[in-house]
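Visitor: entry04.pdb is reproduced in full below (PDB, C-alpha atoms).
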```
ATOM      1  CA  MET A   1     114.151 135.691  67.658
ATOM      2  CA  LYS A   2     114.175 132.340  65.857
ATOM      3  CA  ASN A   3     116.931 131.062  68.143
ATOM      4  CA  TYR A   4     114.987 132.207  71.198
ATOM      5  CA  THR A   5     111.844 130.417  69.960
ATOM      6  CA  LEU A   6     113.852 127.269  69.265
ATOM      7  CA  LEU A   7     115.303 127.401  72.773
ATOM      8  CA  ILE A   8     111.815 127.604  74.282
ATOM      9  CA  ILE A   9     110.639 124.627  72.202
ATOM     10  CA  VAL A  10     113.686 122.539  73.156
ATOM     11  CA  SER A  11     113.226 123.395  76.840
ATOM     12  CA  PHE A  12     109.559 122.452  76.650
ATOM     13  CA  LEU A  13     110.306 119.116  74.970
ATOM     14  CA  CYS A  14     112.985 118.374  77.573
ATOM     15  CA  SER A  15     110.524 119.060  80.388
ATOM     16  CA  ILE A  16     108.031 116.651  78.786
ATOM     17  CA  LEU A  17     110.731 113.993  78.476
ATOM     18  CA  VAL A  18     111.704 114.357  82.137
ATOM     19  CA  ALA A  19     108.041 114.102  83.174
ATOM     20  CA  GLN A  20     107.587 110.988  81.048
ATOM     21  CA  GLN A  21     110.702 109.395  82.530
ATOM     22  CA  LYS A  22     109.453 110.047  86.066
ATOM     23  CA  SER A  23     105.978 108.800  85.179
ATOM     24  CA  ASN A  24     107.454 105.645  83.685
ATOM     25  CA  SER A  25     109.219 105.012  86.995
ATOM     26  CA  LEU A  26     105.884 103.770  88.321
ATOM     27  CA  LEU A  27     106.223 100.854  85.925
ATOM     28  CA  HIS A  28     109.384  99.852  87.743
ATOM     29  CA  LEU A  29     107.547  99.919  91.053
ATOM     30  CA  ASN A  30     104.762  97.869  89.531
ATOM     31  CA  ARG A  31     107.256  95.156  88.612
ATOM     32  CA  ALA A  32     108.860  95.141  92.053
ATOM     33  CA  GLU A  33     107.987  92.359  94.474
ATOM     34  CA  LYS A  34     109.319  94.193  97.537
ATOM     35  CA  ILE A  35     109.659  97.934  98.103
ATOM     36  CA  LEU A  36     111.526  98.822 101.288
ATOM     37  CA  PHE A  37     111.405 102.100 103.222
ATOM     38  CA  LEU A  38     114.332 102.841 105.540
ATOM     39  CA  GLY A  39     114.654 105.803 107.874
ATOM     40  CA  ASN A  40     114.441 107.053 111.425
ATOM     41  CA  SER A  41     111.517 107.655 113.796
ATOM     42  CA  ILE A  42     109.568 109.656 111.202
ATOM     43  CA  THR A  43     109.572 106.655 108.884
ATOM     44  CA  TYR A  44     108.979 104.286 111.817
ATOM     45  CA  ASP A  45     105.831 106.308 112.611
ATOM     46  CA  GLY A  46     104.628 104.968 109.291
ATOM     47  CA  ARG A  47     101.882 107.359 108.293
ATOM     48  CA  TYR A  48     103.514 108.750 105.157
ATOM     49  CA  VAL A  49     104.470 105.248 104.006
ATOM     50  CA  ALA A  50     100.910 103.977 104.530
ATOM     51  CA  MET A  51      99.542 107.015 102.678
ATOM     52  CA  ILE A  52     101.826 106.261  99.724
ATOM     53  CA  GLU A  53     100.774 102.613  99.580
ATOM     54  CA  SER A  54      97.081 103.495  99.944
ATOM     55  CA  VAL A  55      97.217 106.009  97.076
ATOM     56  CA  LEU A  56      99.222 103.700  94.799
ATOM     57  CA  LEU A  57      96.839 100.822  95.502
ATOM     58  CA  SER A  58      93.729 102.934  94.968
ATOM     59  CA  SER A  59      95.226 104.260  91.707
ATOM     60  CA  HIS A  60      95.992 100.675  90.607
ATOM     61  CA  PHE A  61      99.663 101.545  90.021
ATOM     62  CA  ILE A  62     100.810  98.628  92.150
ATOM     63  CA  LYS A  63      99.285  95.204  92.623
ATOM     64  CA  GLY A  64     100.825  92.320  94.528
ATOM     65  CA  THR A  65     103.788  94.463  95.584
ATOM     66  CA  ALA A  66     104.838  94.340  99.231
ATOM     67  CA  ILE A  67     105.647  97.761 100.659
ATOM     68  CA  ILE A  68     107.744  97.242 103.773
ATOM     69  CA  ASN A  69     108.479  99.875 106.407
ATOM     70  CA  LEU A  70     111.613  99.181 108.454
ATOM     71  CA  GLY A  71     112.235 102.653 109.843
ATOM     72  CA  LEU A  72     113.835 102.712 113.296
ATOM     73  CA  PRO A  73     113.730 105.558 115.836
ATOM     74  CA  SER A  74     116.956 107.565 116.266
ATOM     75  CA  GLU A  75     118.683 105.768 113.411
ATOM     76  CA  THR A  76     121.460 107.438 111.459
ATOM     77  CA  VAL A  77     123.434 106.389 108.384
ATOM     78  CA  SER A  78     126.541 107.883 109.983
ATOM     79  CA  GLY A  79     126.691 105.534 112.980
ATOM     80  CA  LEU A  80     126.698 108.602 115.218
ATOM     81  CA  SER A  81     124.181 108.777 118.013
ATOM     82  CA  GLU A  82     122.897 111.095 120.671
ATOM     83  CA  ASP A  83     123.609 110.178 124.284
ATOM     84  CA  ASN A  84     121.450 107.335 125.604
ATOM     85  CA  HIS A  85     120.367 106.283 122.111
ATOM     86  CA  ALA A  86     122.138 102.892 121.966
ATOM     87  CA  ASP A  87     125.424 104.535 120.927
ATOM     88  CA  GLY A  88     124.707 104.018 117.250
ATOM     89  CA  GLU A  89     124.637 100.223 117.524
ATOM     90  CA  PHE A  90     121.213  99.978 115.913
ATOM     91  CA  ALA A  91     122.532 101.717 112.778
ATOM     92  CA  ARG A  92     124.517  98.618 111.838
ATOM     93  CA  ARG A  93     121.587  96.516 110.665
ATOM     94  CA  LEU A  94     121.686  97.234 106.919
ATOM     95  CA  GLU A  95     123.490  94.010 105.980
ATOM     96  CA  SER A  96     120.951  91.862 107.821
ATOM     97  CA  ILE A  97     118.022  93.688 106.223
ATOM     98  CA  LEU A  98     119.372  93.392 102.688
ATOM     99  CA  GLN A  99     120.205  89.710 103.126
ATOM    100  CA  LYS A 100     116.906  88.700 104.718
ATOM    101  CA  ILE A 101     114.424  90.993 102.967
ATOM    102  CA  LYS A 102     116.027  91.113  99.496
ATOM    103  CA  PRO A 103     114.143  94.224  98.355
ATOM    104  CA  ASP A 104     113.909  95.243  94.701
ATOM    105  CA  VAL A 105     113.499  98.958  95.457
ATOM    106  CA  VAL A 106     114.748 100.939  98.464
ATOM    107  CA  PHE A 107     113.571 104.373  99.611
ATOM    108  CA  ALA A 108     115.873 105.846 102.284
ATOM    109  CA  CYS A 109     115.182 108.989 104.322
ATOM    110  CA  TYR A 110     118.014 109.951 106.690
ATOM    111  CA  GLY A 111     119.733 113.068 107.970
ATOM    112  CA  MET A 112     117.439 114.330 110.721
ATOM    113  CA  ASN A 113     119.463 112.597 113.445
ATOM    114  CA  ASP A 114     122.830 112.600 111.682
ATOM    115  CA  GLY A 115     123.738 116.129 112.744
ATOM    116  CA  ILE A 116     122.975 115.121 116.368
ATOM    117  CA  TYR A 117     120.931 118.339 116.784
ATOM    118  CA  LEU A 118     124.130 120.363 117.156
ATOM    119  CA  PRO A 119     125.591 123.239 115.091
ATOM    120  CA  PHE A 120     127.130 122.293 111.740
ATOM    121  CA  ASP A 121     130.360 120.338 112.010
ATOM    122  CA  SER A 122     132.396 119.207 108.985
ATOM    123  CA  VAL A 123     133.391 115.915 110.615
ATOM    124  CA  ARG A 124     129.772 114.974 111.366
ATOM    125  CA  PHE A 125     128.823 116.057 107.853
ATOM    126  CA  LYS A 126     131.486 113.766 106.378
ATOM    127  CA  THR A 127     130.203 110.790 108.387
ATOM    128  CA  TYR A 128     126.717 111.471 106.962
ATOM    129  CA  GLN A 129     128.076 111.619 103.410
ATOM    130  CA  ASP A 130     130.089 108.424 103.938
ATOM    131  CA  GLY A 131     127.031 106.715 105.442
ATOM    132  CA  ILE A 132     124.851 107.590 102.462
ATOM    133  CA  GLU A 133     127.578 106.367 100.099
ATOM    134  CA  LYS A 134     127.825 103.082 102.015
ATOM    135  CA  LEU A 135     124.059 102.604 102.045
ATOM    136  CA  TYR A 136     123.931 103.147  98.289
ATOM    137  CA  THR A 137     126.903 100.873  97.565
ATOM    138  CA  GLU A 138     125.754  98.049  99.838
ATOM    139  CA  ALA A 139     122.222  98.145  98.440
ATOM    140  CA  LEU A 140     123.509  97.860  94.874
ATOM    141  CA  LYS A 141     125.872  95.018  95.821
ATOM    142  CA  SER A 142     122.985  93.112  97.410
ATOM    143  CA  GLY A 143     120.955  93.213  94.190
ATOM    144  CA  VAL A 144     118.644  96.176  94.820
ATOM    145  CA  LYS A 145     117.492  97.349  91.392
ATOM    146  CA  ARG A 146     116.531 100.898  92.307
ATOM    147  CA  ILE A 147     117.547 103.191  95.164
ATOM    148  CA  ILE A 148     115.676 106.434  95.852
ATOM    149  CA  LEU A 149     117.183 108.746  98.447
ATOM    150  CA  ILE A 150     115.025 111.303 100.253
ATOM    151  CA  THR A 151     116.133 114.548 101.867
ATOM    152  CA  PRO A 152     115.275 114.901 105.581
ATOM    153  CA  PRO A 153     112.068 116.722 106.524
ATOM    154  CA  VAL A 154     112.231 120.254 107.866
ATOM    155  CA  HIS A 155     113.313 120.848 111.482
ATOM    156  CA  ASP A 156     111.735 123.629 113.552
ATOM    157  CA  ASP A 157     113.527 124.593 116.774
ATOM    158  CA  PRO A 158     111.286 125.892 119.590
ATOM    159  CA  ASP A 159     113.108 129.251 119.788
ATOM    160  CA  PRO A 160     115.269 129.926 116.686
ATOM    161  CA  GLY A 161     112.814 128.103 114.430
ATOM    162  CA  LEU A 162     114.193 127.517 110.921
ATOM    163  CA  ASP A 163     117.370 129.431 111.795
ATOM    164  CA  GLY A 164     118.480 126.747 114.255
ATOM    165  CA  TYR A 165     119.308 123.097 113.552
ATOM    166  CA  ASN A 166     117.382 123.310 110.307
ATOM    167  CA  GLN A 167     120.321 125.210 108.818
ATOM    168  CA  VAL A 168     122.379 122.032 109.281
ATOM    169  CA  LEU A 169     119.708 120.043 107.442
ATOM    170  CA  ASP A 170     119.682 122.681 104.680
ATOM    171  CA  ARG A 171     123.318 121.832 104.000
ATOM    172  CA  TYR A 172     122.780 118.076 104.244
ATOM    173  CA  SER A 173     119.826 118.311 101.854
ATOM    174  CA  THR A 174     121.668 120.539  99.388
ATOM    175  CA  TRP A 175     124.535 118.042  99.203
ATOM    176  CA  LEU A 176     122.162 115.144  98.651
ATOM    177  CA  LEU A 177     120.337 116.997  95.884
ATOM    178  CA  GLU A 178     123.666 117.756  94.192
ATOM    179  CA  GLN A 179     124.212 113.995  93.796
ATOM    180  CA  ARG A 180     121.439 113.938  91.193
ATOM    181  CA  LYS A 181     123.947 115.532  88.841
ATOM    182  CA  ASN A 182     127.222 114.391  90.390
ATOM    183  CA  LYS A 183     126.363 110.685  90.676
ATOM    184  CA  ASN A 184     123.120 110.365  88.740
ATOM    185  CA  TRP A 185     121.326 109.314  91.922
ATOM    186  CA  GLU A 186     117.575 109.466  92.281
ATOM    187  CA  VAL A 187     116.829 111.976  95.034
ATOM    188  CA  ILE A 188     113.414 113.200  96.159
ATOM    189  CA  ASP A 189     113.374 116.550  97.930
ATOM    190  CA  LEU A 190     111.104 116.784 100.959
ATOM    191  CA  HIS A 191     113.168 119.261 102.906
ATOM    192  CA  PHE A 192     112.908 122.467 100.929
ATOM    193  CA  PRO A 193     109.234 122.080  99.879
ATOM    194  CA  MET A 194     108.312 121.459 103.540
ATOM    195  CA  LYS A 195     110.400 124.457 104.592
ATOM    196  CA  LYS A 196     108.679 126.643 102.000
ATOM    197  CA  TYR A 197     105.252 125.425 103.105
ATOM    198  CA  LEU A 198     106.058 126.072 106.761
ATOM    199  CA  GLU A 199     107.298 129.579 105.954
ATOM    200  CA  SER A 200     104.128 130.354 103.998
ATOM    201  CA  ARG A 201     101.906 129.174 106.854
ATOM    202  CA  ARG A 202     103.971 131.143 109.378
ATOM    203  CA  ARG A 203     103.272 134.356 107.491
ATOM    204  CA  ILE A 204      99.579 133.769 108.189
ATOM    205  CA  ASP A 205      99.944 132.285 111.664
ATOM    206  CA  PRO A 206     103.318 132.828 113.417
ATOM    207  CA  THR A 207     102.502 130.036 115.907
ATOM    208  CA  TYR A 208     101.862 127.378 113.241
ATOM    209  CA  LYS A 209     103.916 124.165 113.442
ATOM    210  CA  LEU A 210     104.125 121.106 111.231
ATOM    211  CA  ALA A 211     105.627 119.205 114.160
ATOM    212  CA  PRO A 212     104.836 120.069 117.804
ATOM    213  CA  ASP A 213     108.324 119.025 118.918
ATOM    214  CA  GLY A 214     110.012 120.485 115.845
ATOM    215  CA  ILE A 215     110.962 117.012 114.555
ATOM    216  CA  HIS A 216     108.050 114.594 114.235
ATOM    217  CA  PRO A 217     105.364 115.845 111.834
ATOM    218  CA  GLU A 218     101.693 115.288 112.442
ATOM    219  CA  GLN A 219      99.230 114.128 109.770
ATOM    220  CA  GLU A 220      99.576 117.232 107.601
ATOM    221  CA  GLY A 221     103.346 116.868 107.533
ATOM    222  CA  HIS A 222     103.150 113.170 106.702
ATOM    223  CA  TRP A 223     100.816 113.961 103.810
ATOM    224  CA  LEU A 224     103.248 116.617 102.533
ATOM    225  CA  MET A 225     105.931 113.933 102.540
ATOM    226  CA  ALA A 226     103.731 111.301 100.915
ATOM    227  CA  SER A 227     102.363 113.603  98.218
ATOM    228  CA  SER A 228     105.865 114.853  97.334
ATOM    229  CA  ILE A 229     107.064 111.277  96.838
ATOM    230  CA  ILE A 230     103.965 110.302  94.849
ATOM    231  CA  SER A 231     104.300 113.427  92.685
ATOM    232  CA  TYR A 232     107.917 112.522  91.939
ATOM    233  CA  LEU A 233     106.833 109.082  90.795
ATOM    234  CA  ASN A 234     103.811 110.397  88.911
ATOM    235  CA  PRO A 235     103.954 114.100  87.926
ATOM    236  CA  THR A 236     100.256 114.008  86.963
ATOM    237  CA  PHE A 237      99.237 113.345  90.576
ATOM    238  CA  PRO A 238      96.863 116.126  91.731
ATOM    239  CA  GLN A 239      98.339 118.624  94.176
ATOM    240  CA  VAL A 240      96.113 118.434  97.266
ATOM    241  CA  ILE A 241      97.632 120.084 100.346
ATOM    242  CA  LYS A 242      95.629 118.333 103.049
ATOM    243  CA  TRP A 243      95.118 114.591 103.513
ATOM    244  CA  ASP A 244      91.514 115.174 104.623
ATOM    245  CA  GLU A 245      90.787 117.001 101.354
ATOM    246  CA  TYR A 246      92.233 114.156  99.302
ATOM    247  CA  VAL A 247      90.334 111.546 101.319
ATOM    248  CA  ALA A 248      87.074 113.478 100.865
ATOM    249  CA  LYS A 249      87.311 112.845  97.123
ATOM    250  CA  HIS A 250      87.880 109.101  97.627
ATOM    251  CA  THR A 251      85.308 107.921 100.162
ATOM    252  CA  TYR A 252      86.652 104.376 100.595
ATOM    253  CA  LEU A 253      90.207 105.598 101.205
ATOM    254  CA  PRO A 254      89.962 106.023 105.018
ATOM    255  CA  LYS A 255      89.169 102.313 105.472
ATOM    256  CA  LEU A 256      91.876 101.348 102.981
ATOM    257  CA  TYR A 257      94.431 103.548 104.730
ATOM    258  CA  GLU A 258      93.471 102.140 108.131
ATOM    259  CA  ALA A 259      93.932  98.564 106.887
ATOM    260  CA  VAL A 260      97.232  99.390 105.155
ATOM    261  CA  LEU A 261      98.601 101.137 108.249
ATOM    262  CA  LYS A 262      97.612  98.177 110.428
ATOM    263  CA  LYS A 263      99.245  95.739 107.990
ATOM    264  CA  GLN A 264     102.455  97.773 107.787
ATOM    265  CA  GLU A 265     102.655  98.073 111.584
ATOM    266  CA  LEU A 266     102.179  94.312 111.996
ATOM    267  CA  MET A 267     104.853  93.410 109.460
ATOM    268  CA  LYS A 268     107.249  96.169 110.567
ATOM    269  CA  LEU A 269     107.504  94.882 114.125
ATOM    270  CA  ALA A 270     107.775  91.270 112.985
ATOM    271  CA  LEU A 271     110.485  92.099 110.442
ATOM    272  CA  LEU A 272     112.401  94.263 112.902
ATOM    273  CA  ARG A 273     112.462  91.236 115.175
ATOM    274  CA  TYR A 274     113.421  88.940 112.280
ATOM    275  CA  THR A 275     116.301  91.188 111.148
ATOM    276  CA  LYS A 276     117.502  91.525 114.767
ATOM    277  CA  HIS A 277     117.716  95.268 115.265
ATOM    278  CA  LYS A 278     119.581  96.522 118.346
ATOM    279  CA  ARG A 279     117.421  99.533 119.216
ATOM    280  CA  PRO A 280     116.135  99.407 122.808
ATOM    281  CA  GLY A 281     112.551 100.298 123.601
ATOM    282  CA  ILE A 282     110.928  98.849 120.481
ATOM    283  CA  PRO A 283     107.844  96.630 121.040
ATOM    284  CA  SER A 284     108.533  92.974 120.342
ATOM    285  CA  GLY A 285     106.871  91.861 117.131
ATOM    286  CA  LEU A 286     105.293  88.515 116.336
ATOM    287  CA  THR A 287     107.248  85.710 114.765
ATOM    288  CA  MET A 288     107.201  85.774 110.971
ATOM    289  CA  GLU A 289     104.866  82.751 110.912
ATOM    290  CA  GLN A 290     102.387  84.447 113.243
ATOM    291  CA  ALA A 291     102.617  87.783 111.400
ATOM    292  CA  ASN A 292     102.131  86.181 107.987
ATOM    293  CA  GLN A 293      98.975  84.435 109.203
ATOM    294  CA  GLN A 294      97.459  87.717 110.410
ATOM    295  CA  ASN A 295      98.673  89.499 107.305
ATOM    296  CA  LYS A 296      96.644  87.192 105.069
ATOM    297  CA  HIS A 297      93.412  88.475 106.598
ATOM    298  CA  LEU A 298      94.491  92.099 106.209
ATOM    299  CA  GLU A 299      95.549  91.561 102.591
ATOM    300  CA  LYS A 300      92.146  90.038 101.853
ATOM    301  CA  GLN A 301      90.430  93.040 103.436
ATOM    302  CA  ILE A 302      92.590  95.425 101.391
ATOM    303  CA  SER A 303      91.830  93.544  98.168
ATOM    304  CA  LEU A 304      88.092  93.776  98.787
ATOM    305  CA  LEU A 305      88.319  97.505  99.427
ATOM    306  CA  ILE A 306      90.217  98.065  96.178
ATOM    307  CA  LYS A 307      87.712  96.009  94.173
ATOM    308  CA  HIS A 308      84.815  98.079  95.490
ATOM    309  CA  ASP A 309      86.367 101.489  94.928
TER
END
```
Could you express the structure from this file as structure tokens?
Guide:
Amino acid sequence: MKNYTLLIIVSFLCSILVAQQKSNSLLHLNRAEKILFLGNSITYDGRYVAMIESVLLSSHFIKGTAIINLGLPSETVSGLSEDNHADGEFARRLESILQKIKPDVVFACYGMNDGIYLPFDSVRFKTYQDGIEKLYTEALKSGVKRIILITPPVHDDPDPGLDGYNQVLDRYSTWLLEQRKNKNWEVIDLHFPMKKYLESRRRIDPTYKLAPDGIHPEQEGHWLMASSIISYLNPTFPQVIKWDEYVAKHTYLPKLYEAVLKKQELMKLALLRYTKHKRPGIPSGLTMEQANQQNKHLEKQISLLIKHD
């Protein structure tokens, strides 16, 4: 009985230590000058990234830190590509980004496109694993101080639902999560919490979807992503399922979020142009000089909103 009680106490203390370590990770973000988000079209969409920045700013966890979104539609870490998606050429931009942006912290969310929306294949899986390894290695070599990998969001096929391509992403996500132990990597899991949430909603409403096309989540899905990442960084963050519910408790947040999203969109397009991506169909951004001038006004607006929270 004594041994059992001791085991419970030790487990409890360990859980506190882990929570403290994750909470302290916000201090690292606070010291960062540039935090970079990389990913595919879901990251390019930008809503979850803007939600994260808005919450961190309103909570005063970051100040003077640039959060940069350089997601790019269809991008993979594997270099593979679907037909008519630039043949993977746009995936070879990492070196340029690291050299020109020089981020302190990198968040990277890949995998959705890496299986090419086909049944599981060991060769494609290996190219994904190699791509993640290369991303991690190159980021460290360039001077990035902290790399946080993110599992891909859930995929929901029109007919087979979660029993279709999502099974491929289950395996990709499981491997990535295993690297927490195998390589001591920081990995945030979006995939399985989103899958669990979708399953729970489906039991109530079989027609419910997080993403109309099965891939690109709407606002609720972006908030699930954002809140999972924020909760990883700060375990004391309140669990609020819907963005609208969270915003209702922070009345100035809609204006802050709108300004942050506008700022991130402005700088994203300018920086994609500056780093010379090869993805066709992306709107041409402003020059860095033009974007920085407009950004000053947005930063001033954001600062005023934070001061009057």
Visitor: Separation of atom CA of Leu140 of chain A and atom CA of Phe107 of chain A, in Å?
Guide: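 So the answer is 12.8 Å.
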Visitor: I need the output of the PyMOL selection byres ((chain A and resi 188) around 6) for this file as an mmCIF file with C-alpha atoms, keeping the file's coordinate frame; which residues are they?
Guide:
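Below you can see out.cif, which holds the result:
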```cif
data_model
loop_
_atom_site.group_PDB
_atom_site.id
_atom_site.type_symbol
_atom_site.label_atom_id
_atom_site.label_comp_id
_atom_site.auth_asym_id
_atom_site.auth_seq_id
_atom_site.Cartn_x
_atom_site.Cartn_y
_atom_site.Cartn_z
ATOM 1 C CA ILE A 150 115.025 111.303 100.253
ATOM 2 C CA VAL A 187 116.829 111.976 95.034
ATOM 3 C CA ASP A 189 113.374 116.550 97.930
#
```
Visitor: Which residues are near Tyr117 of chain A? Cut-off 10 Å, all atoms listed in the file, ignore same chain within fewer than 4 positions. Put them as a PyMOL selection string.
Guide: chain A and resi 82+112-113+155+157+164-166+168-169
Visitor: Give me the result of the PyMOL selection byres ((chain A and resi 48) around 8) on this file, residue by residue, as number ranges by chain.
Guide: A: 43, 46-47, 49-52, 222-223, 225-226
Visitor: Edge lengths and centre in Å to one decimal, as AutoDock Vina command-line options, of the axis-aligned box that encloses all listed atoms of segment 159-164 of chain A with 4 Å added on every side?
Guide:
```
--center_x 115.6 --center_y 128.3 --center_z 115.4 --size_x 13.7 --size_y 11.2 --size_z 16.9
```
Visitor: With only C-alpha atoms as the atoms that count, which of A:Gln99, A:His216, A:Ala108, A:Arg124 lies nearest to Val154 of chain A?
Guide: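 Selected residue with least distance to Val154 of chain A: A:His216.
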Visitor: Translate the PyMOL selection byres ((chain A and resi 97) around 10) into a concrete residue list for this structure, as a ChimeraX atom specification.
Guide: /A:36,38,70,92-96,98-103,139,271-272,274-277
Visitor: Considering all atoms listed in the file, state which residue in the set A:Leu305, A:Val144, A:Ile230, A:Ile215 is at the smallest distance from Tyr257 of chain A.
Guide: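 Checking each of A:Leu305, A:Val144, A:Ile230, A:Ile215 against Tyr257 of chain A, counting all atoms listed in the file, the winner is A:Leu305.
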Visitor: What's the separation between atom CA of Pro158 of chain A and atom CA of Leu118 of chain A, in Å to one decimal place?
Guide: 14.2 Å
Visitor: Between atom CA of Leu198 of chain A and atom CA of Tyr246 of chain A, what is the spacing in Å?
Guide: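 Between atom CA of Tyr246 of chain A and atom CA of Leu198 of chain A the gap is 19.7 Å.
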Visitor: Would you list the residues near (111.3, 102.5, 114.9), meaning any protein, DNA or RNA residue with an atom at most 7 Å from that point in file coordinates, counting all atoms listed in the file, as a list in words?
Guide: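 Counting all atoms listed in the file, I find these residues within 7 Å of (111.3, 102.5, 114.9): Asn40, Ser41, Tyr44, Gly71, Leu72, Pro73 and Ile282 of chain A.
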Visitor: Give me the residues within 6 Å of His191 of chain A as a PyMOL selection string, counting all atoms listed in the file and dropping any in the same chain fewer than 5 places off.
Guide: chain A and resi 151-154
Visitor: Write segment 99-113 of chain A as a PDB file, in the coordinates of the input, completed to N, CA and C atoms.
Guide:
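out03.pdb, freshly written:
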```
ATOM      1  N   GLN A  99     120.089  91.159 103.316  1.00  0.00           N
ATOM      2  CA  GLN A  99     120.205  89.710 103.126  1.00  0.00           C
ATOM      3  C   GLN A  99     118.877  88.999 103.341  1.00  0.00           C
ATOM      4  N   LYS A 100     118.125  89.420 104.349  1.00  0.00           N
ATOM      5  CA  LYS A 100     116.906  88.700 104.718  1.00  0.00           C
ATOM      6  C   LYS A 100     115.660  89.178 103.976  1.00  0.00           C
ATOM      7  N   ILE A 101     115.602  90.463 103.652  1.00  0.00           N
ATOM      8  CA  ILE A 101     114.424  90.993 102.967  1.00  0.00           C
ATOM      9  C   ILE A 101     114.550  90.891 101.456  1.00  0.00           C
ATOM     10  N   LYS A 102     115.764  91.134 100.945  1.00  0.00           N
ATOM     11  CA  LYS A 102     116.027  91.113  99.496  1.00  0.00           C
ATOM     12  C   LYS A 102     115.057  92.024  98.722  1.00  0.00           C
ATOM     13  N   PRO A 103     115.057  93.313  99.043  1.00  0.00           N
ATOM     14  CA  PRO A 103     114.143  94.224  98.355  1.00  0.00           C
ATOM     15  C   PRO A 103     114.571  94.498  96.916  1.00  0.00           C
ATOM     16  N   ASP A 104     113.614  94.833  96.080  1.00  0.00           N
ATOM     17  CA  ASP A 104     113.909  95.243  94.701  1.00  0.00           C
ATOM     18  C   ASP A 104     114.164  96.749  94.630  1.00  0.00           C
ATOM     19  N   VAL A 105     113.410  97.492  95.437  1.00  0.00           N
ATOM     20  CA  VAL A 105     113.499  98.958  95.457  1.00  0.00           C
ATOM     21  C   VAL A 105     113.664  99.409  96.905  1.00  0.00           C
ATOM     22  N   VAL A 106     114.541 100.391  97.125  1.00  0.00           N
ATOM     23  CA  VAL A 106     114.748 100.939  98.464  1.00  0.00           C
ATOM     24  C   VAL A 106     114.544 102.453  98.431  1.00  0.00           C
ATOM     25  N   PHE A 107     113.692 102.949  99.319  1.00  0.00           N
ATOM     26  CA  PHE A 107     113.571 104.373  99.611  1.00  0.00           C
ATOM     27  C   PHE A 107     114.276 104.596 100.949  1.00  0.00           C
ATOM     28  N   ALA A 108     115.142 105.600 101.036  1.00  0.00           N
ATOM     29  CA  ALA A 108     115.873 105.846 102.284  1.00  0.00           C
ATOM     30  C   ALA A 108     115.814 107.325 102.636  1.00  0.00           C
ATOM     31  N   CYS A 109     115.327 107.610 103.846  1.00  0.00           N
ATOM     32  CA  CYS A 109     115.182 108.989 104.322  1.00  0.00           C
ATOM     33  C   CYS A 109     115.959 109.165 105.626  1.00  0.00           C
ATOM     34  N   TYR A 110     117.165 109.737 105.524  1.00  0.00           N
ATOM     35  CA  TYR A 110     118.014 109.951 106.690  1.00  0.00           C
ATOM     36  C   TYR A 110     118.511 111.393 106.736  1.00  0.00           C
ATOM     37  N   GLY A 111     119.152 111.741 107.827  1.00  0.00           N
ATOM     38  CA  GLY A 111     119.733 113.068 107.970  1.00  0.00           C
ATOM     39  C   GLY A 111     119.250 113.789 109.214  1.00  0.00           C
ATOM     40  N   MET A 112     117.990 113.597 109.571  1.00  0.00           N
ATOM     41  CA  MET A 112     117.439 114.330 110.721  1.00  0.00           C
ATOM     42  C   MET A 112     118.288 114.121 111.975  1.00  0.00           C
ATOM     43  N   ASN A 113     118.690 112.890 112.236  1.00  0.00           N
ATOM     44  CA  ASN A 113     119.463 112.597 113.445  1.00  0.00           C
ATOM     45  C   ASN A 113     120.972 112.677 113.232  1.00  0.00           C
TER      46      ASN A 113
END
```
